[in-house]
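Just start.cif here, mmCIF, C-alpha atoms, pLDDT in the B column; chains and numbers go by the auth columns:
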data_work
loop_
_atom_site.group_PDB
_atom_site.id
_atom_site.type_symbol
_atom_site.label_atom_id
_atom_site.label_comp_id
_atom_site.label_asym_id
_atom_site.label_seq_id
_atom_site.Cartn_x
_atom_site.Cartn_y
_atom_site.Cartn_z
_atom_site.B_iso_or_equiv
_atom_site.auth_seq_id
_atom_site.auth_asym_id
ATOM 1 C CA MET A 1 20.469 -29.115 10.057 49.00 1 A
ATOM 2 C CA ASN A 2 20.835 -32.589 8.627 51.00 2 A
ATOM 3 C CA ARG A 3 21.582 -32.241 4.933 52.00 3 A
ATOM 4 C CA GLU A 4 21.894 -35.928 4.165 54.00 4 A
ATOM 5 C CA ALA A 5 18.981 -37.199 2.191 54.00 5 A
ATOM 6 C CA ILE A 6 17.174 -39.944 4.024 50.00 6 A
ATOM 7 C CA GLN A 7 15.378 -42.167 1.560 55.00 7 A
ATOM 8 C CA ALA A 8 13.182 -44.311 3.739 55.00 8 A
ATOM 9 C CA PRO A 9 10.783 -42.724 6.211 64.00 9 A
ATOM 10 C CA VAL A 10 12.624 -42.958 9.501 79.00 10 A
ATOM 11 C CA GLU A 11 10.784 -42.541 12.748 91.00 11 A
ATOM 12 C CA VAL A 12 12.515 -40.816 15.626 95.00 12 A
ATOM 13 C CA THR A 13 11.167 -40.565 19.140 96.00 13 A
ATOM 14 C CA GLY A 14 11.935 -38.483 22.195 96.00 14 A
ATOM 15 C CA THR A 15 10.529 -37.234 25.463 96.00 15 A
ATOM 16 C CA ALA A 16 10.493 -33.995 27.401 96.00 16 A
ATOM 17 C CA VAL A 17 9.113 -33.137 30.821 96.00 17 A
ATOM 18 C CA LEU A 18 6.682 -30.226 31.064 95.00 18 A
ATOM 19 C CA GLU A 19 8.363 -27.955 33.615 93.00 19 A
ATOM 20 C CA ASN A 20 6.430 -24.759 32.988 90.00 20 A
ATOM 21 C CA ALA A 21 3.788 -23.885 35.584 89.00 21 A
ATOM 22 C CA VAL A 22 0.690 -24.074 33.395 89.00 22 A
ATOM 23 C CA GLY A 23 1.617 -27.217 31.461 89.00 23 A
ATOM 24 C CA LEU A 24 0.372 -27.675 27.929 91.00 24 A
ATOM 25 C CA HIS A 25 -2.344 -25.034 28.074 88.00 25 A
ATOM 26 C CA ALA A 26 -3.481 -22.645 25.376 89.00 26 A
ATOM 27 C CA ARG A 27 -0.456 -20.455 24.860 90.00 27 A
ATOM 28 C CA PRO A 28 2.163 -23.247 25.008 93.00 28 A
ATOM 29 C CA SER A 29 -0.021 -25.283 22.638 94.00 29 A
ATOM 30 C CA VAL A 30 -0.030 -22.436 20.133 94.00 30 A
ATOM 31 C CA LYS A 31 3.765 -22.175 20.298 94.00 31 A
ATOM 32 C CA LEU A 32 4.204 -25.915 19.946 96.00 32 A
ATOM 33 C CA THR A 33 1.968 -26.218 16.894 96.00 33 A
ATOM 34 C CA GLN A 34 3.509 -23.143 15.277 95.00 34 A
ATOM 35 C CA LEU A 35 6.974 -24.665 15.659 96.00 35 A
ATOM 36 C CA ALA A 36 5.804 -28.097 14.462 97.00 36 A
ATOM 37 C CA LYS A 37 4.364 -26.526 11.319 95.00 37 A
ATOM 38 C CA THR A 38 7.794 -25.223 10.314 95.00 38 A
ATOM 39 C CA PHE A 39 8.866 -28.819 9.589 97.00 39 A
ATOM 40 C CA THR A 40 7.671 -31.106 6.830 96.00 40 A
ATOM 41 C CA ALA A 41 7.928 -34.218 8.993 97.00 41 A
ATOM 42 C CA ARG A 42 4.854 -35.886 10.428 97.00 42 A
ATOM 43 C CA ILE A 43 5.042 -35.110 14.155 98.00 43 A
ATOM 44 C CA GLU A 44 2.868 -36.496 16.907 98.00 44 A
ATOM 45 C CA LEU A 45 2.783 -36.275 20.671 97.00 45 A
ATOM 46 C CA ALA A 46 1.270 -38.374 23.427 96.00 46 A
ATOM 47 C CA LEU A 47 1.198 -38.764 27.201 95.00 47 A
ATOM 48 C CA SER A 48 2.402 -42.364 26.894 94.00 48 A
ATOM 49 C CA SER A 49 4.861 -44.119 24.602 93.00 49 A
ATOM 50 C CA THR A 50 1.982 -46.285 23.456 94.00 50 A
ATOM 51 C CA GLY A 51 -0.249 -43.351 22.519 90.00 51 A
ATOM 52 C CA PRO A 52 -2.906 -42.299 21.727 95.00 52 A
ATOM 53 C CA TRP A 53 -0.980 -39.964 19.444 96.00 53 A
ATOM 54 C CA ALA A 54 -2.089 -36.434 18.593 96.00 54 A
ATOM 55 C CA ASP A 55 -1.004 -34.503 15.519 97.00 55 A
ATOM 56 C CA ALA A 56 1.477 -31.916 16.846 97.00 56 A
ATOM 57 C CA LYS A 57 0.558 -29.554 13.998 96.00 57 A
ATOM 58 C CA SER A 58 -3.111 -29.412 15.017 94.00 58 A
ATOM 59 C CA PRO A 59 -3.747 -26.690 17.613 92.00 59 A
ATOM 60 C CA VAL A 60 -7.124 -28.192 18.496 92.00 60 A
ATOM 61 C CA LYS A 61 -5.726 -31.670 19.076 93.00 61 A
ATOM 62 C CA VAL A 62 -2.698 -30.430 21.032 94.00 62 A
ATOM 63 C CA MET A 63 -4.886 -28.338 23.351 91.00 63 A
ATOM 64 C CA ARG A 64 -7.070 -31.371 23.988 90.00 64 A
ATOM 65 C CA VAL A 65 -4.051 -33.276 25.358 91.00 65 A
ATOM 66 C CA LYS A 66 -4.378 -31.065 28.475 87.00 66 A
ATOM 67 C CA ALA A 67 -1.100 -32.097 30.067 91.00 67 A
ATOM 68 C CA PRO A 68 -0.293 -30.508 33.450 92.00 68 A
ATOM 69 C CA LYS A 69 3.136 -29.567 34.820 92.00 69 A
ATOM 70 C CA GLY A 70 5.362 -32.577 35.452 94.00 70 A
ATOM 71 C CA THR A 71 3.925 -34.626 32.606 95.00 71 A
ATOM 72 C CA ILE A 72 6.333 -36.518 30.375 96.00 72 A
ATOM 73 C CA LEU A 73 5.499 -35.663 26.774 96.00 73 A
ATOM 74 C CA HIS A 74 6.338 -38.307 24.193 97.00 74 A
ATOM 75 C CA PHE A 75 7.115 -37.218 20.663 97.00 75 A
ATOM 76 C CA ARG A 76 7.503 -39.212 17.492 97.00 76 A
ATOM 77 C CA ALA A 77 8.363 -37.826 14.095 97.00 77 A
ATOM 78 C CA SER A 78 8.918 -39.267 10.648 97.00 78 A
ATOM 79 C CA GLY A 79 10.086 -37.688 7.433 95.00 79 A
ATOM 80 C CA GLU A 80 13.145 -35.993 6.066 92.00 80 A
ATOM 81 C CA ASP A 81 13.540 -33.353 8.768 95.00 81 A
ATOM 82 C CA ALA A 82 12.215 -35.538 11.606 96.00 82 A
ATOM 83 C CA PRO A 83 15.424 -35.422 13.735 96.00 83 A
ATOM 84 C CA ALA A 84 15.571 -31.624 13.546 96.00 84 A
ATOM 85 C CA ALA A 85 11.856 -31.367 14.306 97.00 85 A
ATOM 86 C CA LEU A 86 12.147 -33.634 17.322 97.00 86 A
ATOM 87 C CA GLY A 87 15.136 -31.712 18.645 97.00 87 A
ATOM 88 C CA ALA A 88 13.392 -28.372 18.237 97.00 88 A
ATOM 89 C CA LEU A 89 10.182 -29.488 19.951 97.00 89 A
ATOM 90 C CA VAL A 90 11.991 -31.094 22.884 97.00 90 A
ATOM 91 C CA ALA A 91 14.062 -27.909 23.252 97.00 91 A
ATOM 92 C CA LEU A 92 10.891 -25.787 23.220 97.00 92 A
ATOM 93 C CA VAL A 93 9.317 -27.821 26.031 96.00 93 A
ATOM 94 C CA GLU A 94 12.563 -27.856 28.028 95.00 94 A
ATOM 95 C CA SER A 95 12.882 -24.080 27.649 95.00 95 A
ATOM 96 C CA ARG A 96 9.443 -23.841 29.314 93.00 96 A
ATOM 97 C CA PHE A 97 8.146 -22.377 26.067 93.00 97 A
ATOM 98 C CA GLY A 98 10.281 -19.303 26.620 87.00 98 A
ATOM 99 C CA GLU A 99 7.757 -17.881 29.046 79.00 99 A
ATOM 100 C CA GLU A 100 9.342 -18.317 32.465 67.00 100 A
ATOM 101 C CA MET B 1 -5.137 -28.661 -6.286 38.00 1 B
ATOM 102 C CA GLN B 2 -3.002 -25.907 -4.812 41.00 2 B
ATOM 103 C CA LEU B 3 -2.727 -22.448 -6.271 45.00 3 B
ATOM 104 C CA LEU B 4 0.717 -20.961 -6.339 46.00 4 B
ATOM 105 C CA ARG B 5 1.114 -18.580 -3.459 44.00 5 B
ATOM 106 C CA GLU B 6 3.604 -15.973 -2.416 45.00 6 B
ATOM 107 C CA GLN B 7 5.737 -16.922 0.553 47.00 7 B
ATOM 108 C CA ASP B 8 4.777 -14.006 2.750 55.00 8 B
ATOM 109 C CA MET B 9 1.032 -14.345 2.332 77.00 9 B
ATOM 110 C CA THR B 10 -1.245 -15.786 4.962 93.00 10 B
ATOM 111 C CA VAL B 11 -4.966 -16.080 5.422 97.00 11 B
ATOM 112 C CA GLY B 12 -6.433 -12.984 7.097 97.00 12 B
ATOM 113 C CA LEU B 13 -8.857 -13.078 9.999 98.00 13 B
ATOM 114 C CA VAL B 14 -11.944 -11.012 10.850 98.00 14 B
ATOM 115 C CA VAL B 15 -13.801 -11.184 14.175 98.00 15 B
ATOM 116 C CA VAL B 16 -17.456 -10.097 14.173 98.00 16 B
ATOM 117 C CA SER B 17 -19.330 -9.717 17.456 98.00 17 B
ATOM 118 C CA HIS B 18 -22.453 -7.882 18.594 97.00 18 B
ATOM 119 C CA SER B 19 -20.177 -6.264 21.153 97.00 19 B
ATOM 120 C CA ALA B 20 -17.296 -4.037 20.058 97.00 20 B
ATOM 121 C CA LYS B 21 -15.527 -4.947 23.310 97.00 21 B
ATOM 122 C CA VAL B 22 -15.798 -8.678 22.628 97.00 22 B
ATOM 123 C CA ALA B 23 -14.588 -8.258 19.044 98.00 23 B
ATOM 124 C CA GLU B 24 -11.670 -6.024 19.956 98.00 24 B
ATOM 125 C CA GLY B 25 -10.794 -8.122 23.008 98.00 25 B
ATOM 126 C CA THR B 26 -10.781 -11.301 20.939 98.00 26 B
ATOM 127 C CA VAL B 27 -8.399 -9.757 18.414 98.00 27 B
ATOM 128 C CA ASP B 28 -6.197 -8.527 21.252 97.00 28 B
ATOM 129 C CA MET B 29 -6.088 -12.029 22.751 96.00 29 B
ATOM 130 C CA VAL B 30 -5.206 -13.578 19.404 96.00 30 B
ATOM 131 C CA ARG B 31 -2.415 -11.060 18.858 96.00 31 B
ATOM 132 C CA GLN B 32 -0.913 -11.791 22.263 94.00 32 B
ATOM 133 C CA MET B 33 -1.177 -15.566 21.924 93.00 33 B
ATOM 134 C CA VAL B 34 -0.288 -16.070 18.288 94.00 34 B
ATOM 135 C CA GLY B 35 1.773 -13.020 17.384 91.00 35 B
ATOM 136 C CA ASP B 36 1.752 -10.464 14.606 92.00 36 B
ATOM 137 C CA SER B 37 2.153 -12.713 11.586 92.00 37 B
ATOM 138 C CA VAL B 38 -1.574 -12.886 10.804 96.00 38 B
ATOM 139 C CA ALA B 39 -3.593 -9.888 9.600 97.00 39 B
ATOM 140 C CA LEU B 40 -6.458 -9.280 12.052 98.00 40 B
ATOM 141 C CA ALA B 41 -9.455 -6.964 12.005 98.00 41 B
ATOM 142 C CA TRP B 42 -12.673 -6.752 13.973 98.00 42 B
ATOM 143 C CA ALA B 43 -16.167 -5.379 13.535 97.00 43 B
ATOM 144 C CA GLY B 44 -18.552 -5.016 16.458 97.00 44 B
ATOM 145 C CA GLY B 45 -21.459 -2.916 17.592 94.00 45 B
ATOM 146 C CA ASP B 46 -24.153 -1.158 15.607 91.00 46 B
ATOM 147 C CA PRO B 47 -23.569 2.277 13.970 87.00 47 B
ATOM 148 C CA ASP B 48 -24.890 4.018 17.127 89.00 48 B
ATOM 149 C CA GLY B 49 -22.435 2.261 19.415 86.00 49 B
ATOM 150 C CA GLY B 50 -24.924 -0.211 20.856 94.00 50 B
ATOM 151 C CA LEU B 51 -24.970 -3.985 20.607 96.00 51 B
ATOM 152 C CA GLY B 52 -25.325 -5.247 17.068 95.00 52 B
ATOM 153 C CA THR B 53 -23.452 -5.822 13.864 96.00 53 B
ATOM 154 C CA ASP B 54 -23.072 -3.593 10.848 95.00 54 B
ATOM 155 C CA VAL B 55 -22.580 -4.907 7.317 96.00 55 B
ATOM 156 C CA ALA B 56 -20.511 -1.880 6.247 96.00 56 B
ATOM 157 C CA LYS B 57 -18.101 -2.355 9.167 96.00 57 B
ATOM 158 C CA ILE B 58 -17.734 -6.046 8.334 97.00 58 B
ATOM 159 C CA VAL B 59 -17.017 -5.269 4.667 97.00 59 B
ATOM 160 C CA ALA B 60 -14.382 -2.721 5.757 97.00 60 B
ATOM 161 C CA ALA B 61 -12.782 -5.253 8.118 98.00 61 B
ATOM 162 C CA ILE B 62 -12.579 -7.900 5.385 98.00 62 B
ATOM 163 C CA GLU B 63 -11.027 -5.404 2.980 97.00 63 B
ATOM 164 C CA ALA B 64 -8.553 -4.326 5.682 97.00 64 B
ATOM 165 C CA VAL B 65 -7.077 -7.843 6.029 97.00 65 B
ATOM 166 C CA TRP B 66 -7.634 -8.926 2.422 96.00 66 B
ATOM 167 C CA SER B 67 -5.114 -11.399 1.060 94.00 67 B
ATOM 168 C CA ALA B 68 -5.268 -13.471 -2.090 94.00 68 B
ATOM 169 C CA ASP B 69 -4.958 -16.464 0.246 96.00 69 B
ATOM 170 C CA GLY B 70 -8.368 -15.579 1.611 97.00 70 B
ATOM 171 C CA VAL B 71 -10.045 -14.404 4.782 98.00 71 B
ATOM 172 C CA ALA B 72 -11.655 -16.443 7.568 98.00 72 B
ATOM 173 C CA VAL B 73 -14.473 -14.750 9.500 98.00 73 B
ATOM 174 C CA LEU B 74 -15.368 -15.668 13.090 98.00 74 B
ATOM 175 C CA VAL B 75 -18.803 -14.613 14.322 97.00 75 B
ATOM 176 C CA ASP B 76 -20.874 -14.819 17.491 96.00 76 B
ATOM 177 C CA LEU B 77 -24.654 -15.068 17.546 92.00 77 B
ATOM 178 C CA GLY B 78 -27.356 -15.005 14.848 87.00 78 B
ATOM 179 C CA GLY B 79 -27.218 -11.556 13.263 91.00 79 B
ATOM 180 C CA ALA B 80 -23.433 -11.567 13.234 94.00 80 B
ATOM 181 C CA GLU B 81 -23.513 -14.600 10.965 95.00 81 B
ATOM 182 C CA THR B 82 -26.209 -13.322 8.611 96.00 82 B
ATOM 183 C CA ASN B 83 -24.602 -9.874 8.398 96.00 83 B
ATOM 184 C CA ALA B 84 -21.206 -11.454 7.792 97.00 84 B
ATOM 185 C CA GLU B 85 -22.704 -13.482 4.955 96.00 85 B
ATOM 186 C CA MET B 86 -24.322 -10.332 3.587 96.00 86 B
ATOM 187 C CA ALA B 87 -20.960 -8.561 3.775 97.00 87 B
ATOM 188 C CA VAL B 88 -19.380 -11.366 1.760 97.00 88 B
ATOM 189 C CA GLU B 89 -22.114 -10.956 -0.873 96.00 89 B
ATOM 190 C CA MET B 90 -21.250 -7.264 -1.153 96.00 90 B
ATOM 191 C CA LEU B 91 -17.614 -7.955 -1.985 96.00 91 B
ATOM 192 C CA PRO B 92 -16.408 -7.915 -5.602 95.00 92 B
ATOM 193 C CA GLU B 93 -17.194 -11.232 -7.222 93.00 93 B
ATOM 194 C CA ASP B 94 -13.572 -12.406 -7.433 93.00 94 B
ATOM 195 C CA LYS B 95 -13.120 -11.990 -3.674 96.00 95 B
ATOM 196 C CA ARG B 96 -16.335 -13.659 -2.514 95.00 96 B
ATOM 197 C CA GLU B 97 -15.187 -17.235 -2.877 94.00 97 B
ATOM 198 C CA ARG B 98 -12.024 -16.482 -0.914 97.00 98 B
ATOM 199 C CA VAL B 99 -13.913 -15.474 2.231 98.00 99 B
ATOM 200 C CA THR B 100 -15.414 -18.081 4.566 98.00 100 B
ATOM 201 C CA VAL B 101 -17.578 -17.601 7.643 97.00 101 B
ATOM 202 C CA CYS B 102 -16.513 -20.288 10.133 97.00 102 B
ATOM 203 C CA ASN B 103 -18.862 -22.458 12.149 95.00 103 B
ATOM 204 C CA ALA B 104 -16.728 -22.185 15.276 96.00 104 B
ATOM 205 C CA PRO B 105 -16.809 -20.494 18.695 97.00 105 B
ATOM 206 C CA ILE B 106 -15.667 -16.904 18.298 97.00 106 B
ATOM 207 C CA VAL B 107 -12.797 -16.655 20.808 97.00 107 B
ATOM 208 C CA GLU B 108 -11.387 -20.163 20.646 96.00 108 B
ATOM 209 C CA GLY B 109 -12.021 -20.295 16.909 97.00 109 B
ATOM 210 C CA ALA B 110 -10.101 -17.066 16.375 97.00 110 B
ATOM 211 C CA VAL B 111 -7.085 -18.322 18.335 96.00 111 B
ATOM 212 C CA ILE B 112 -7.081 -21.666 16.540 96.00 112 B
ATOM 213 C CA ALA B 113 -7.649 -20.143 13.091 97.00 113 B
ATOM 214 C CA ALA B 114 -4.832 -17.657 13.634 97.00 114 B
ATOM 215 C CA THR B 115 -2.495 -20.397 14.842 95.00 115 B
ATOM 216 C CA GLU B 116 -3.253 -22.410 11.731 95.00 116 B
ATOM 217 C CA ALA B 117 -2.932 -19.361 9.455 96.00 117 B
ATOM 218 C CA SER B 118 0.395 -18.364 11.008 94.00 118 B
ATOM 219 C CA GLY B 119 1.846 -21.624 9.697 90.00 119 B
ATOM 220 C CA GLY B 120 0.908 -20.647 6.139 91.00 120 B
ATOM 221 C CA SER B 121 -2.056 -23.001 5.831 94.00 121 B
ATOM 222 C CA THR B 122 -4.669 -22.568 3.110 96.00 122 B
ATOM 223 C CA LEU B 123 -8.077 -21.014 3.805 97.00 123 B
ATOM 224 C CA ASP B 124 -9.740 -24.434 3.685 97.00 124 B
ATOM 225 C CA THR B 125 -7.345 -25.808 6.293 96.00 125 B
ATOM 226 C CA VAL B 126 -7.697 -22.755 8.533 97.00 126 B
ATOM 227 C CA VAL B 127 -11.506 -23.054 8.452 97.00 127 B
ATOM 228 C CA ARG B 128 -11.482 -26.831 8.911 96.00 128 B
ATOM 229 C CA THR B 129 -9.174 -26.582 11.935 95.00 129 B
ATOM 230 C CA ALA B 130 -11.313 -23.891 13.620 96.00 130 B
ATOM 231 C CA GLU B 131 -14.440 -25.970 12.953 96.00 131 B
ATOM 232 C CA GLU B 132 -12.818 -28.980 14.662 93.00 132 B
ATOM 233 C CA LEU B 133 -13.678 -27.214 17.931 91.00 133 B
ATOM 234 C CA TYR B 134 -17.330 -28.150 17.413 88.00 134 B
ATOM 235 C CA ALA B 135 -16.513 -31.651 16.173 78.00 135 B
#
Step by step, read the file and then write its structure as structure tokens.
Amino acid sequence: MNREAIQAPVEVTGTAVLENAVGLHARPSVKLTQLAKTFTARIELALSSTGPWADAKSPVKVMRVKAPKGTILHFRASGEDAPAALGALVALVESRFGEE
Amino acid sequence: MQLLREQDMTVGLVVVSHSAKVAEGTVDMVRQMVGDSVALAWAGGDPDGGLGTDVAKIVAAIEAVWSADGVAVLVDLGGAETNAEMAVEMLPEDKRERVTVCNAPIVEGAVIAATEASGGSTLDTVVRTAEELYA
């Protein structure tokens, strides 16, 4: 965990490829939003680096992204724990949501 | 304004369907998808075991998951909503305003509400997120 106080809101971005068979369906969406909610940072995801961006803490909005297997998910996060949040979410996607 | 809340408290969830199987199955689905961190109860079927809803069962379900953070109630058709509202009216006065019947689809709403509640969200946020499904 990054213990250095970051004064200005810093935005960090990252990507992860959906490798799990069902993609970003209901159960993975629940896990993703639950993890996102453990951070204070503002976290969003999109299917393109130019958006449109969906609030990663909103289960309804994340499920509406409807990304199939093979999709590149783009994340952006801002706030004090943004780097940790980004790392955790990318790791969740890359671990295939721990289901396979 | 936010009330102070204990760390381990979350909004509870009640599922009310005309069918006991639908109500129980919905709770089972929520538990499998969201986990055990949210208190869940269901009420379904009339007192004779047929289709219908029963105010006493709904009151018991709300009491079973009661938390000072509140309780969100998901309902299916017509009578489930009116009986759920009647059940809320039968609660002690101090609990009534902490129970909300959601305008959301019963299964999807329950999953979404539980997901939101599992993150420690307030009752208002849990209800608003479930109601986004109809937005």
Requested in this report: For chain A, work out the contacting residues on chain B at 7 Å, counting only C-alpha atoms, and write them as a PyMOL selection string.
Outcome: chain B and resi 33-34+112+115+119+132-133
Requested in this report: Might you spell out which residues the PyMOL selection byres ((chain A and resi 86) around 8) would select in the displayed file, as a PyMOL selection string?
Outcome: chain A and resi 12-14+43+75-77+82-85+87-90
Query raised in the report: Nearest to B:Ser19: which of B:Val65, B:Ala87, B:Val73, B:Ala80 is it, counting all atoms listed in the file?
Result: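 Of all the options, B:Ala80 lies closest to B:Ser19.
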Report summary line: Computed gap from atom CA of B:Cys102 to atom CA of B:Trp42 is 14.6 Å
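Taking atom CA of A:Ala67 and atom CA of A:Leu24 as the two end points, the separation is 5.1 Å.
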Requested in this report: List, as a list in words, every residue that the PyMOL selection byres ((chain B and resi 95) around 10) selects in the file provided.
Outcome: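 Against this file, the PyMOL selection byres ((chain B and resi 95) around 10) returns the residues Ile62, Glu63, Trp66, Ser67, Ala68, Gly70, Val71, Val88, Glu89, Met90, Leu91, Pro92, Glu93, Asp94, Arg96, Glu97, Arg98 and Val99 of chain B.
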Kindly list the centre and edge lengths in Å, rounded to one decimal, for the axis-aligned box that covers all listed atoms of stretch 76-82 of chain A plus 5 Å on each of its six sides, as lines of an AutoDock Vina configuration file.
center_x = 10.5
center_y = -36.3
center_z = 11.8
size_x = 16.0
size_y = 15.9
size_z = 21.4
Requested in this report: Select, from A:Leu18, A:Leu92, A:Gly98, A:Ala46, the residue with the minimum atom-to-atom distance to A:Leu32, counting all atoms listed in the file.
Outcome: A:Leu92
